[in-house]
Every structure is written in structure tokens, then in C-alpha cells.
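Below: upload28.pdb (PDB, C-alpha atoms and all ligand atoms)
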```
ATOM      1  CA  MET Y   1     130.158 126.854 144.911  1.00  0.00           C
ATOM      2  CA  PRO Y   2     130.492 124.115 142.285  1.00  0.00           C
ATOM      3  CA  CYS Y   3     130.324 121.369 144.892  1.00  0.00           C
ATOM      4  CA  SER Y   4     127.791 121.881 147.631  1.00  0.00           C
ATOM      5  CA  ARG Y   5     127.781 119.777 150.725  1.00  0.00           C
ATOM      6  CA  PHE Y   6     124.757 117.912 149.387  1.00  0.00           C
ATOM      7  CA  PHE Y   7     126.418 116.932 146.134  1.00  0.00           C
ATOM      8  CA  TYR Y   8     129.539 115.868 147.929  1.00  0.00           C
ATOM      9  CA  PHE Y   9     127.429 113.606 150.093  1.00  0.00           C
ATOM     10  CA  ALA Y  10     125.563 112.280 147.059  1.00  0.00           C
ATOM     11  CA  SER Y  11     128.771 111.566 145.210  1.00  0.00           C
ATOM     12  CA  ILE Y  12     130.339 109.516 147.973  1.00  0.00           C
ATOM     13  CA  MET Y  13     127.182 107.425 148.169  1.00  0.00           C
ATOM     14  CA  ALA Y  14     127.028 106.731 144.434  1.00  0.00           C
ATOM     15  CA  ALA Y  15     128.251 103.677 142.596  1.00  0.00           C
ATOM     16  CA  ASP Y  16     131.911 103.883 141.597  1.00  0.00           C
ATOM     17  CA  ARG Y  17     132.211 104.074 137.824  1.00  0.00           C
ATOM     18  CA  ALA Y  18     136.004 103.699 137.651  1.00  0.00           C
ATOM     19  CA  ALA Y  19     135.918 100.658 139.927  1.00  0.00           C
ATOM     20  CA  TYR Y  20     133.067  99.177 137.921  1.00  0.00           C
ATOM     21  CA  LEU Y  21     134.802  99.608 134.568  1.00  0.00           C
ATOM     22  CA  GLN Y  22     137.996  98.070 135.903  1.00  0.00           C
ATOM     23  CA  ILE Y  23     136.323  95.062 137.540  1.00  0.00           C
ATOM     24  CA  ALA Y  24     133.965  94.524 134.594  1.00  0.00           C
ATOM     25  CA  HIS Y  25     136.986  94.548 132.293  1.00  0.00           C
ATOM     26  CA  THR Y  26     138.755  91.941 134.431  1.00  0.00           C
ATOM     27  CA  ALA Y  27     135.610  89.815 134.417  1.00  0.00           C
ATOM     28  CA  VAL Y  28     135.273  89.944 130.622  1.00  0.00           C
ATOM     29  CA  THR Y  29     138.959  89.211 130.112  1.00  0.00           C
ATOM     30  CA  LYS Y  30     138.880  86.226 132.467  1.00  0.00           C
ATOM     31  CA  GLN Y  31     135.454  85.053 131.248  1.00  0.00           C
ATOM     32  CA  VAL Y  32     133.970  85.371 134.709  1.00  0.00           C
ATOM     33  CA  THR Y  33     130.401  86.525 135.392  1.00  0.00           C
ATOM     34  CA  LEU Y  34     130.284  89.646 137.544  1.00  0.00           C
ATOM     35  CA  VAL Y  35     127.355  89.793 139.936  1.00  0.00           C
ATOM     36  CA  ALA Y  36     126.994  93.248 141.475  1.00  0.00           C
ATOM     37  CA  VAL Y  37     125.800  92.746 145.041  1.00  0.00           C
ATOM     38  CA  SER Y  38     123.324  95.548 145.662  1.00  0.00           C
ATOM     39  CA  LYS Y  39     121.937  94.585 149.069  1.00  0.00           C
ATOM     40  CA  THR Y  40     121.050  97.669 151.170  1.00  0.00           C
ATOM     41  CA  LYS Y  41     121.808  99.930 148.175  1.00  0.00           C
ATOM     42  CA  PRO Y  42     119.199 102.287 146.666  1.00  0.00           C
ATOM     43  CA  LEU Y  43     117.592 101.892 143.252  1.00  0.00           C
ATOM     44  CA  ALA Y  44     119.526 104.909 141.925  1.00  0.00           C
ATOM     45  CA  ASP Y  45     122.866 103.176 142.509  1.00  0.00           C
ATOM     46  CA  ILE Y  46     121.644 100.026 140.783  1.00  0.00           C
ATOM     47  CA  LEU Y  47     120.436 102.106 137.839  1.00  0.00           C
ATOM     48  CA  ASP Y  48     123.880 103.710 137.577  1.00  0.00           C
ATOM     49  CA  LEU Y  49     125.522 100.318 137.108  1.00  0.00           C
ATOM     50  CA  TYR Y  50     122.732  99.263 134.781  1.00  0.00           C
ATOM     51  CA  ALA Y  51     123.374 102.333 132.606  1.00  0.00           C
ATOM     52  CA  TRP Y  52     127.053 101.379 132.430  1.00  0.00           C
ATOM     53  CA  GLY Y  53     126.076  97.942 131.134  1.00  0.00           C
ATOM     54  CA  GLN Y  54     125.742  95.725 134.211  1.00  0.00           C
ATOM     55  CA  ARG Y  55     122.933  93.145 134.048  1.00  0.00           C
ATOM     56  CA  HIS Y  56     123.615  90.647 136.858  1.00  0.00           C
ATOM     57  CA  PHE Y  57     122.729  91.824 140.356  1.00  0.00           C
ATOM     58  CA  GLY Y  58     122.691  89.941 143.664  1.00  0.00           C
ATOM     59  CA  GLU Y  59     120.579  90.427 146.763  1.00  0.00           C
ATOM     60  CA  ASN Y  60     120.411  88.430 149.953  1.00  0.00           C
ATOM     61  CA  TYR Y  61     117.182  89.459 151.611  1.00  0.00           C
ATOM     62  CA  VAL Y  62     113.940  88.221 150.023  1.00  0.00           C
ATOM     63  CA  GLN Y  63     111.891  91.210 151.134  1.00  0.00           C
ATOM     64  CA  GLU Y  64     114.381  93.685 149.707  1.00  0.00           C
ATOM     65  CA  LEU Y  65     114.692  91.804 146.417  1.00  0.00           C
ATOM     66  CA  VAL Y  66     110.924  91.539 146.012  1.00  0.00           C
ATOM     67  CA  GLU Y  67     110.549  95.269 146.605  1.00  0.00           C
ATOM     68  CA  LYS Y  68     113.295  96.271 144.200  1.00  0.00           C
ATOM     69  CA  GLN Y  69     112.692  93.869 141.323  1.00  0.00           C
ATOM     70  CA  PRO Y  70     109.444  95.357 139.918  1.00  0.00           C
ATOM     71  CA  GLN Y  71     110.875  98.881 140.064  1.00  0.00           C
ATOM     72  CA  LEU Y  72     113.907  98.049 137.954  1.00  0.00           C
ATOM     73  CA  PRO Y  73     114.428  97.029 134.315  1.00  0.00           C
ATOM     74  CA  ALA Y  74     113.004  93.616 133.460  1.00  0.00           C
ATOM     75  CA  ASP Y  75     116.159  92.367 131.776  1.00  0.00           C
ATOM     76  CA  ILE Y  76     118.153  92.360 135.018  1.00  0.00           C
ATOM     77  CA  HIS Y  77     119.251  88.864 136.040  1.00  0.00           C
ATOM     78  CA  TRP Y  78     118.591  88.594 139.777  1.00  0.00           C
ATOM     79  CA  HIS Y  79     120.810  86.319 141.833  1.00  0.00           C
ATOM     80  CA  PHE Y  80     119.687  85.315 145.291  1.00  0.00           C
ATOM     81  CA  ILE Y  81     122.892  84.941 147.286  1.00  0.00           C
ATOM     82  CA  GLY Y  82     121.686  84.859 150.889  1.00  0.00           C
ATOM     83  CA  HIS Y  83     120.289  82.148 153.085  1.00  0.00           C
ATOM     84  CA  LEU Y  84     116.871  81.303 151.682  1.00  0.00           C
ATOM     85  CA  GLN Y  85     114.101  80.169 154.021  1.00  0.00           C
ATOM     86  CA  THR Y  86     111.744  77.596 152.546  1.00  0.00           C
ATOM     87  CA  ASN Y  87     108.652  79.670 153.303  1.00  0.00           C
ATOM     88  CA  LYS Y  88     110.027  82.556 151.195  1.00  0.00           C
ATOM     89  CA  VAL Y  89     110.920  80.677 148.020  1.00  0.00           C
ATOM     90  CA  LYS Y  90     107.511  81.432 146.531  1.00  0.00           C
ATOM     91  CA  TYR Y  91     108.177  85.178 146.466  1.00  0.00           C
ATOM     92  CA  ILE Y  92     111.245  84.967 144.224  1.00  0.00           C
ATOM     93  CA  ALA Y  93     110.367  81.869 142.215  1.00  0.00           C
ATOM     94  CA  PRO Y  94     108.622  83.778 139.391  1.00  0.00           C
ATOM     95  CA  PHE Y  95     111.710  85.725 138.360  1.00  0.00           C
ATOM     96  CA  VAL Y  96     114.933  84.665 140.109  1.00  0.00           C
ATOM     97  CA  HIS Y  97     117.816  83.879 137.730  1.00  0.00           C
ATOM     98  CA  LEU Y  98     120.056  81.793 140.015  1.00  0.00           C
ATOM     99  CA  ILE Y  99     119.767  80.788 143.679  1.00  0.00           C
ATOM    100  CA  HIS Y 100     123.255  80.429 145.151  1.00  0.00           C
ATOM    101  CA  GLY Y 101     123.107  79.225 148.731  1.00  0.00           C
ATOM    102  CA  VAL Y 102     121.179  75.946 148.611  1.00  0.00           C
ATOM    103  CA  ASP Y 103     122.281  73.429 151.228  1.00  0.00           C
ATOM    104  CA  SER Y 104     119.396  71.089 152.033  1.00  0.00           C
ATOM    105  CA  TRP Y 105     117.019  68.646 150.404  1.00  0.00           C
ATOM    106  CA  LYS Y 106     114.087  70.439 151.991  1.00  0.00           C
ATOM    107  CA  LEU Y 107     115.003  73.706 150.283  1.00  0.00           C
ATOM    108  CA  LEU Y 108     115.670  72.005 146.942  1.00  0.00           C
ATOM    109  CA  ALA Y 109     112.280  70.301 147.092  1.00  0.00           C
ATOM    110  CA  GLU Y 110     110.535  73.604 147.840  1.00  0.00           C
ATOM    111  CA  ILE Y 111     112.318  75.388 144.992  1.00  0.00           C
ATOM    112  CA  ASP Y 112     111.265  72.541 142.702  1.00  0.00           C
ATOM    113  CA  LYS Y 113     107.652  72.880 143.847  1.00  0.00           C
ATOM    114  CA  GLN Y 114     107.571  76.646 143.330  1.00  0.00           C
ATOM    115  CA  ALA Y 115     109.345  76.389 139.984  1.00  0.00           C
ATOM    116  CA  ARG Y 116     106.717  73.909 138.838  1.00  0.00           C
ATOM    117  CA  ARG Y 117     103.962  76.279 139.944  1.00  0.00           C
ATOM    118  CA  ASN Y 118     105.543  78.972 137.811  1.00  0.00           C
ATOM    119  CA  GLN Y 119     106.108  76.560 134.915  1.00  0.00           C
ATOM    120  CA  ARG Y 120     109.811  77.271 134.798  1.00  0.00           C
ATOM    121  CA  THR Y 121     113.101  75.648 135.640  1.00  0.00           C
ATOM    122  CA  ILE Y 122     115.070  77.334 138.413  1.00  0.00           C
ATOM    123  CA  ASP Y 123     118.856  77.192 138.379  1.00  0.00           C
ATOM    124  CA  VAL Y 124     120.577  76.639 141.710  1.00  0.00           C
ATOM    125  CA  LEU Y 125     124.046  76.315 143.181  1.00  0.00           C
ATOM    126  CA  LEU Y 126     124.816  74.100 146.145  1.00  0.00           C
ATOM    127  CA  GLN Y 127     126.626  75.909 148.938  1.00  0.00           C
ATOM    128  CA  VAL Y 128     129.702  74.266 150.391  1.00  0.00           C
ATOM    129  CA  HIS Y 129     131.123  75.303 153.744  1.00  0.00           C
ATOM    130  CA  ILE Y 130     134.809  75.998 153.181  1.00  0.00           C
ATOM    131  CA  ALA Y 131     135.580  78.731 155.745  1.00  0.00           C
ATOM    132  CA  ARG Y 132     137.026  78.280 159.210  1.00  0.00           C
ATOM    133  CA  GLU Y 133     134.243  80.267 160.829  1.00  0.00           C
ATOM    134  CA  GLU Y 134     131.461  78.228 162.335  1.00  0.00           C
ATOM    135  CA  THR Y 135     128.166  78.692 160.524  1.00  0.00           C
ATOM    136  CA  LYS Y 136     125.009  76.732 160.104  1.00  0.00           C
ATOM    137  CA  TYR Y 137     125.098  77.180 156.358  1.00  0.00           C
ATOM    138  CA  GLY Y 138     126.788  75.116 153.703  1.00  0.00           C
ATOM    139  CA  LEU Y 139     127.449  71.437 153.110  1.00  0.00           C
ATOM    140  CA  ASP Y 140     130.647  69.559 153.833  1.00  0.00           C
ATOM    141  CA  ALA Y 141     132.026  67.196 151.195  1.00  0.00           C
ATOM    142  CA  ALA Y 142     130.166  64.166 152.561  1.00  0.00           C
ATOM    143  CA  GLU Y 143     126.859  66.000 152.790  1.00  0.00           C
ATOM    144  CA  LEU Y 144     127.294  67.272 149.256  1.00  0.00           C
ATOM    145  CA  GLN Y 145     127.812  63.738 147.998  1.00  0.00           C
ATOM    146  CA  GLN Y 146     124.756  62.577 149.940  1.00  0.00           C
ATOM    147  CA  LEU Y 147     122.562  65.324 148.522  1.00  0.00           C
ATOM    148  CA  LEU Y 148     123.668  64.580 144.964  1.00  0.00           C
ATOM    149  CA  GLN Y 149     122.950  60.872 145.488  1.00  0.00           C
ATOM    150  CA  GLN Y 150     119.524  61.721 146.820  1.00  0.00           C
ATOM    151  CA  LEU Y 151     118.900  63.778 143.689  1.00  0.00           C
ATOM    152  CA  GLN Y 152     119.899  60.875 141.479  1.00  0.00           C
ATOM    153  CA  GLN Y 153     117.443  58.598 143.244  1.00  0.00           C
ATOM    154  CA  LYS Y 154     114.660  61.142 143.237  1.00  0.00           C
ATOM    155  CA  PRO Y 155     115.273  63.683 140.464  1.00  0.00           C
ATOM    156  CA  LEU Y 156     113.605  67.071 140.855  1.00  0.00           C
ATOM    157  CA  GLU Y 157     112.305  68.025 137.449  1.00  0.00           C
ATOM    158  CA  TYR Y 158     112.045  71.767 137.821  1.00  0.00           C
ATOM    159  CA  ILE Y 159     115.439  72.583 139.234  1.00  0.00           C
ATOM    160  CA  ARG Y 160     118.770  72.479 137.514  1.00  0.00           C
ATOM    161  CA  ILE Y 161     121.967  72.309 139.568  1.00  0.00           C
ATOM    162  CA  ARG Y 162     124.542  74.503 137.852  1.00  0.00           C
ATOM    163  CA  GLY Y 163     127.473  74.107 140.235  1.00  0.00           C
ATOM    164  CA  LEU Y 164     128.781  75.198 143.620  1.00  0.00           C
ATOM    165  CA  MET Y 165     129.045  78.331 145.746  1.00  0.00           C
ATOM    166  CA  GLY Y 166     131.261  79.057 148.727  1.00  0.00           C
ATOM    167  CA  MET Y 167     132.650  81.781 150.945  1.00  0.00           C
ATOM    168  CA  ALA Y 168     136.228  81.790 152.170  1.00  0.00           C
ATOM    169  CA  SER Y 169     137.270  82.746 155.704  1.00  0.00           C
ATOM    170  CA  PHE Y 170     137.323  86.416 156.650  1.00  0.00           C
ATOM    171  CA  THR Y 171     141.082  86.681 156.992  1.00  0.00           C
ATOM    172  CA  ASP Y 172     143.966  88.623 155.481  1.00  0.00           C
ATOM    173  CA  ASP Y 173     145.933  85.386 155.203  1.00  0.00           C
ATOM    174  CA  ALA Y 174     145.919  84.755 151.463  1.00  0.00           C
ATOM    175  CA  ASP Y 175     147.235  81.204 151.885  1.00  0.00           C
ATOM    176  CA  ILE Y 176     144.190  80.211 153.904  1.00  0.00           C
ATOM    177  CA  VAL Y 177     141.778  81.828 151.445  1.00  0.00           C
ATOM    178  CA  ARG Y 178     143.563  80.242 148.499  1.00  0.00           C
ATOM    179  CA  SER Y 179     143.484  76.766 150.005  1.00  0.00           C
ATOM    180  CA  GLU Y 180     139.759  77.102 150.715  1.00  0.00           C
ATOM    181  CA  PHE Y 181     139.075  78.149 147.138  1.00  0.00           C
ATOM    182  CA  GLN Y 182     141.194  75.230 145.936  1.00  0.00           C
ATOM    183  CA  LEU Y 183     139.123  72.814 147.982  1.00  0.00           C
ATOM    184  CA  LEU Y 184     135.914  74.161 146.444  1.00  0.00           C
ATOM    185  CA  ARG Y 185     137.420  74.032 142.972  1.00  0.00           C
ATOM    186  CA  GLN Y 186     138.424  70.392 143.462  1.00  0.00           C
ATOM    187  CA  LEU Y 187     134.903  69.414 144.465  1.00  0.00           C
ATOM    188  CA  TYR Y 188     133.508  71.356 141.525  1.00  0.00           C
ATOM    189  CA  ASP Y 189     135.834  69.656 139.042  1.00  0.00           C
ATOM    190  CA  GLN Y 190     135.131  66.248 140.533  1.00  0.00           C
ATOM    191  CA  TYR Y 191     131.373  66.533 140.014  1.00  0.00           C
ATOM    192  CA  ARG Y 192     131.460  68.543 136.835  1.00  0.00           C
ATOM    193  CA  SER Y 193     132.811  65.534 134.994  1.00  0.00           C
ATOM    194  CA  MET Y 194     129.637  63.676 136.026  1.00  0.00           C
ATOM    195  CA  TYR Y 195     127.082  66.431 135.578  1.00  0.00           C
ATOM    196  CA  PRO Y 196     127.045  68.139 132.187  1.00  0.00           C
ATOM    197  CA  ASP Y 197     124.808  70.992 133.441  1.00  0.00           C
ATOM    198  CA  TRP Y 198     127.503  72.209 135.820  1.00  0.00           C
ATOM    199  CA  ASP Y 199     129.151  75.381 134.549  1.00  0.00           C
ATOM    200  CA  THR Y 200     129.192  77.745 137.523  1.00  0.00           C
ATOM    201  CA  LEU Y 201     131.619  78.051 140.413  1.00  0.00           C
ATOM    202  CA  SER Y 202     130.509  81.039 142.500  1.00  0.00           C
ATOM    203  CA  MET Y 203     133.414  82.206 144.648  1.00  0.00           C
ATOM    204  CA  GLY Y 204     135.051  85.550 145.343  1.00  0.00           C
ATOM    205  CA  MET Y 205     133.849  88.808 146.918  1.00  0.00           C
ATOM    206  CA  SER Y 206     135.315  92.324 147.131  1.00  0.00           C
ATOM    207  CA  GLY Y 207     138.208  91.282 149.336  1.00  0.00           C
ATOM    208  CA  ASP Y 208     139.215  88.077 147.604  1.00  0.00           C
ATOM    209  CA  TYR Y 209     137.885  88.036 144.044  1.00  0.00           C
ATOM    210  CA  LYS Y 210     141.314  88.179 142.414  1.00  0.00           C
ATOM    211  CA  LEU Y 211     142.444  85.111 144.316  1.00  0.00           C
ATOM    212  CA  ALA Y 212     139.155  83.410 143.502  1.00  0.00           C
ATOM    213  CA  ILE Y 213     139.606  84.031 139.781  1.00  0.00           C
ATOM    214  CA  GLU Y 214     143.145  82.664 139.949  1.00  0.00           C
ATOM    215  CA  GLU Y 215     141.713  79.544 141.550  1.00  0.00           C
ATOM    216  CA  GLY Y 216     139.094  78.968 138.879  1.00  0.00           C
ATOM    217  CA  SER Y 217     136.015  80.950 139.877  1.00  0.00           C
ATOM    218  CA  THR Y 218     133.493  81.458 137.057  1.00  0.00           C
ATOM    219  CA  LEU Y 219     131.330  83.975 138.958  1.00  0.00           C
ATOM    220  CA  VAL Y 220     132.302  86.661 141.461  1.00  0.00           C
ATOM    221  CA  ARG Y 221     129.867  88.428 143.805  1.00  0.00           C
ATOM    222  CA  ILE Y 222     131.068  91.963 144.420  1.00  0.00           C
ATOM    223  CA  GLY Y 223     129.348  94.596 146.547  1.00  0.00           C
ATOM    224  CA  SER Y 224     131.418  97.145 148.429  1.00  0.00           C
ATOM    225  CA  LEU Y 225     134.042  97.728 145.740  1.00  0.00           C
ATOM    226  CA  LEU Y 226     131.286  98.816 143.359  1.00  0.00           C
ATOM    227  CA  PHE Y 227     128.774 100.489 145.654  1.00  0.00           C
ATOM    228  CA  GLY Y 228     130.925 101.599 148.591  1.00  0.00           C
ATOM    229  CA  ALA Y 229     130.869 100.190 152.103  1.00  0.00           C
ATOM    230  CA  ARG Y 230     127.527  99.175 153.563  1.00  0.00           C
ATOM    231  CA  LEU Y 231     126.821 101.398 156.561  1.00  0.00           C
TER     232      LEU Y 231
HETATM  233  C1  LIG Y 301     127.347  90.695 150.808  1.00  0.00           C
HETATM  234  C2  LIG Y 301     127.784  89.492 150.069  1.00  0.00           C
HETATM  235  C3  LIG Y 301     128.749  89.579 149.036  1.00  0.00           C
HETATM  236  C4  LIG Y 301     129.437  90.873 148.644  1.00  0.00           C
HETATM  237  O1  LIG Y 301     130.315  91.268 149.656  1.00  0.00           O
HETATM  238  P1  LIG Y 301     131.372  92.446 149.422  1.00  0.00           P
HETATM  239  O2  LIG Y 301     132.451  92.136 150.403  1.00  0.00           O
HETATM  240  O3  LIG Y 301     130.661  93.714 149.723  1.00  0.00           O
HETATM  241  O4  LIG Y 301     131.840  92.361 148.022  1.00  0.00           O
HETATM  242  C5  LIG Y 301     129.059  88.426 148.341  1.00  0.00           C
HETATM  243  N1  LIG Y 301     128.495  87.241 148.642  1.00  0.00           N
HETATM  244  C6  LIG Y 301     127.593  87.106 149.634  1.00  0.00           C
HETATM  245  C7  LIG Y 301     127.008  85.767 149.903  1.00  0.00           C
HETATM  246  C8  LIG Y 301     127.217  88.224 150.382  1.00  0.00           C
HETATM  247  O5  LIG Y 301     126.320  88.076 151.358  1.00  0.00           O
END
```

Starting from the coordinates I provided, produce the structure as C-alpha cells.
Amino acid sequence: MPCSRFFYFASIMAADRAAYLQIAHTAVTKQVTLVAVSKTKPLADILDLYAWGQRHFGENYVQELVEKQPQLPADIHWHFIGHLQTNKVKYIAPFVHLIHGVDSWKLLAEIDKQARRNQRTIDVLLQVHIAREETKYGLDAAELQQLLQQLQQKPLEYIRIRGLMGMASFTDDADIVRSEFQLLRQLYDQYRSMYPDWDTLSMGMSGDYKLAIEEGSTLVRIGSLLFGARL
């Protein structure tokens, strides 16, 4: 038998090379950074994508990221895309490439403190709440303005804000998703003219990345299309 039950099982669990090549090609063509979201996925799947050329990976649990990072190639750029608790910043501060979901002064101040301890600058994105679903996470437009004002009054030396991150509603209604991405894009453009460091607009996941790119995303975070559904 050329294809035993075991190999069949292994092959459906593996990263999807055709999907990767297609999405990576779109990303290069549109000048968008592709972050492969590897949460819950084994090292072997990450190494597959790495072998095909992928270097940006995203995780959203600190414990999982801290376990995986030392076992994988050192030139991987690790994105933290989940909700980060202040007491866990210290674990990722030595190596994290970009922290996406920052939405409070308290968290910014802690990242600054840990970055200083590690004698490095840590890049962060501020998370804006654009979806209809209720969630504790993400700033509204007024809170974003407030946080940026606070930063102007009391600059944090060891962090660098690079832009904004957001998640659209979980809906099949493309008009809703598009309008949410447009709102985020408008905020991004508004502040980008004031802050020269801003170059990153993190929006778009497996289900909506094409829309996100049409609406000006510069970074998409894609998991299930590359690695298969998370069980
Ligand atoms: C899990 C996750 C993704 C990837 O989701 P997919 O639908 O699997 O592409 C992107 N962004 C965030 C913040 C996530 O938590």
C-alpha cells in the first residue's frame, strides 16, 4: 500500500504547501507581510513553512511561544498576536519581533520596562476594536487618541509604536467586514501623517485577508488556510 492510514493522517495534518505558495505570492505581489499563525500547531508544521521560505510566525499564548521559540531557527520573527497579560511580558521581551494587541497604558509601560531590561526596543501595534462583537480588548477611537496623547506627554523610550491592529466581525457579510477595515484604515492614515515610525496596519485573517488587502492592510495574520483547521 503506497498510502497507509498513518501517512494519510499525517498528510492531512501537515502544512499546505500549495496554499502557502499561493498566499505568499499574493503577499509579495501586494507588498504585504504574511504572518503564519502557528498557535496550537506542532514544530514540524512550522518547520515545513520555514523550509518553504516563511520567516514571520504568530502565536497568541505566551507559554506556547516560549516553549516553541528555543526549539526553532533563530532567524524566525515571532509576532505576539494574542492578549498579553502584563505579568507575562518578561517572558517574550528578549526575542519578540512585534507585539500586536496592545490596548492600555499599563501594558505599554510594562513592555517599555522589560525592553529596557533587555537593552532593546520593542515594536508594538495598538489594537483598535472595530468588530460588532463585544470584547474587552481593543481601543475605540477616543481611547486611541488619549493613549497617543499620554505617550506624547510621557514618552516611553524603549517601545516603538509601528501602527494599528484590528479584527473584523465574524460574519459572512463582506460589506460589514469592509466597512470595519475602512474605519481602521482611516485611523491609521490619520495618525501615520503625524508619526513617521508608523508603517504597519495589521488586519486580515484566513477568512477575510483578501478584503483586508483591498482596504490597505500591510500585514495579514493567517492560520487555518496554511496549517489546516485548529481542532
Ligand atoms: C488565530 C488568530 C489569527 C488566525 O486566524 P485564522 O482564521 O486561522 O487565519 C489571526 N489573528 C489573531 C489575533 C488570531 O488570534

Next on the checklist: Show me which residues are within 10 Å of ligand LIG 301 (chain Y) counting all atoms listed in the file, and format the list as number ranges by chain.
Outcome noted: Y: 35-40, 58-61, 80-83, 100-101, 127, 165-167, 170, 202-209, 220-230

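Among the candidates Y:Asp173, Y:Asp199, Y:Glu180, Y:Glu110, the one nearest to Arg132 in chain Y when counting only C-alpha atoms is Y:Glu180.
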
Next on the checklist: I'd like the residues picked by the PyMOL selection byres (((chain Y and resi 160) around 7) and not hetatm) written out as a PyMOL selection string, using the chain letters and numbers from the file.
Outcome noted: chain Y and resi 121-124+158-159+161-162

Item to check | Straight-line distance linking CA of Ile46 in chain Y with CA of Asp75 in chain Y, stated in Å to one decimal | outcome: 13.0 Å

Once you add 5 Å to each side, what are the centre and edge lengths of the axis-aligned box holding all listed atoms of range 107-116 of chain Y? One decimal in Å, as AutoDock Vina command-line options, if you can.
```
--center_x 111.2 --center_y 73.5 --center_z 144.6 --size_x 19.0 --size_y 16.3 --size_z 21.4
```

Test item: the PyMOL selection byres (((chain Y and resi 134-147) around 8) and not hetatm) resolved as a compact mmCIF listing (two decimals) with C-alpha atoms, keeping the file's coordinate frame:
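Final output, saved to out_20.txt:
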```
# COMPACT_ATOMS: atom_id res chain seq x y z
CA HIS Y 83 120.29 82.15 153.08
CA GLY Y 101 123.11 79.22 148.73
CA VAL Y 102 121.18 75.95 148.61
CA ASP Y 103 122.28 73.43 151.23
CA SER Y 104 119.40 71.09 152.03
CA TRP Y 105 117.02 68.65 150.40
CA LEU Y 126 124.82 74.10 146.15
CA GLN Y 127 126.63 75.91 148.94
CA VAL Y 128 129.70 74.27 150.39
CA HIS Y 129 131.12 75.30 153.74
CA ILE Y 130 134.81 76.00 153.18
CA ALA Y 131 135.58 78.73 155.74
CA ARG Y 132 137.03 78.28 159.21
CA GLU Y 133 134.24 80.27 160.83
CA LEU Y 148 123.67 64.58 144.96
CA GLN Y 149 122.95 60.87 145.49
CA GLN Y 150 119.52 61.72 146.82
CA LEU Y 151 118.90 63.78 143.69
CA GLY Y 166 131.26 79.06 148.73
CA LEU Y 187 134.90 69.41 144.46
```
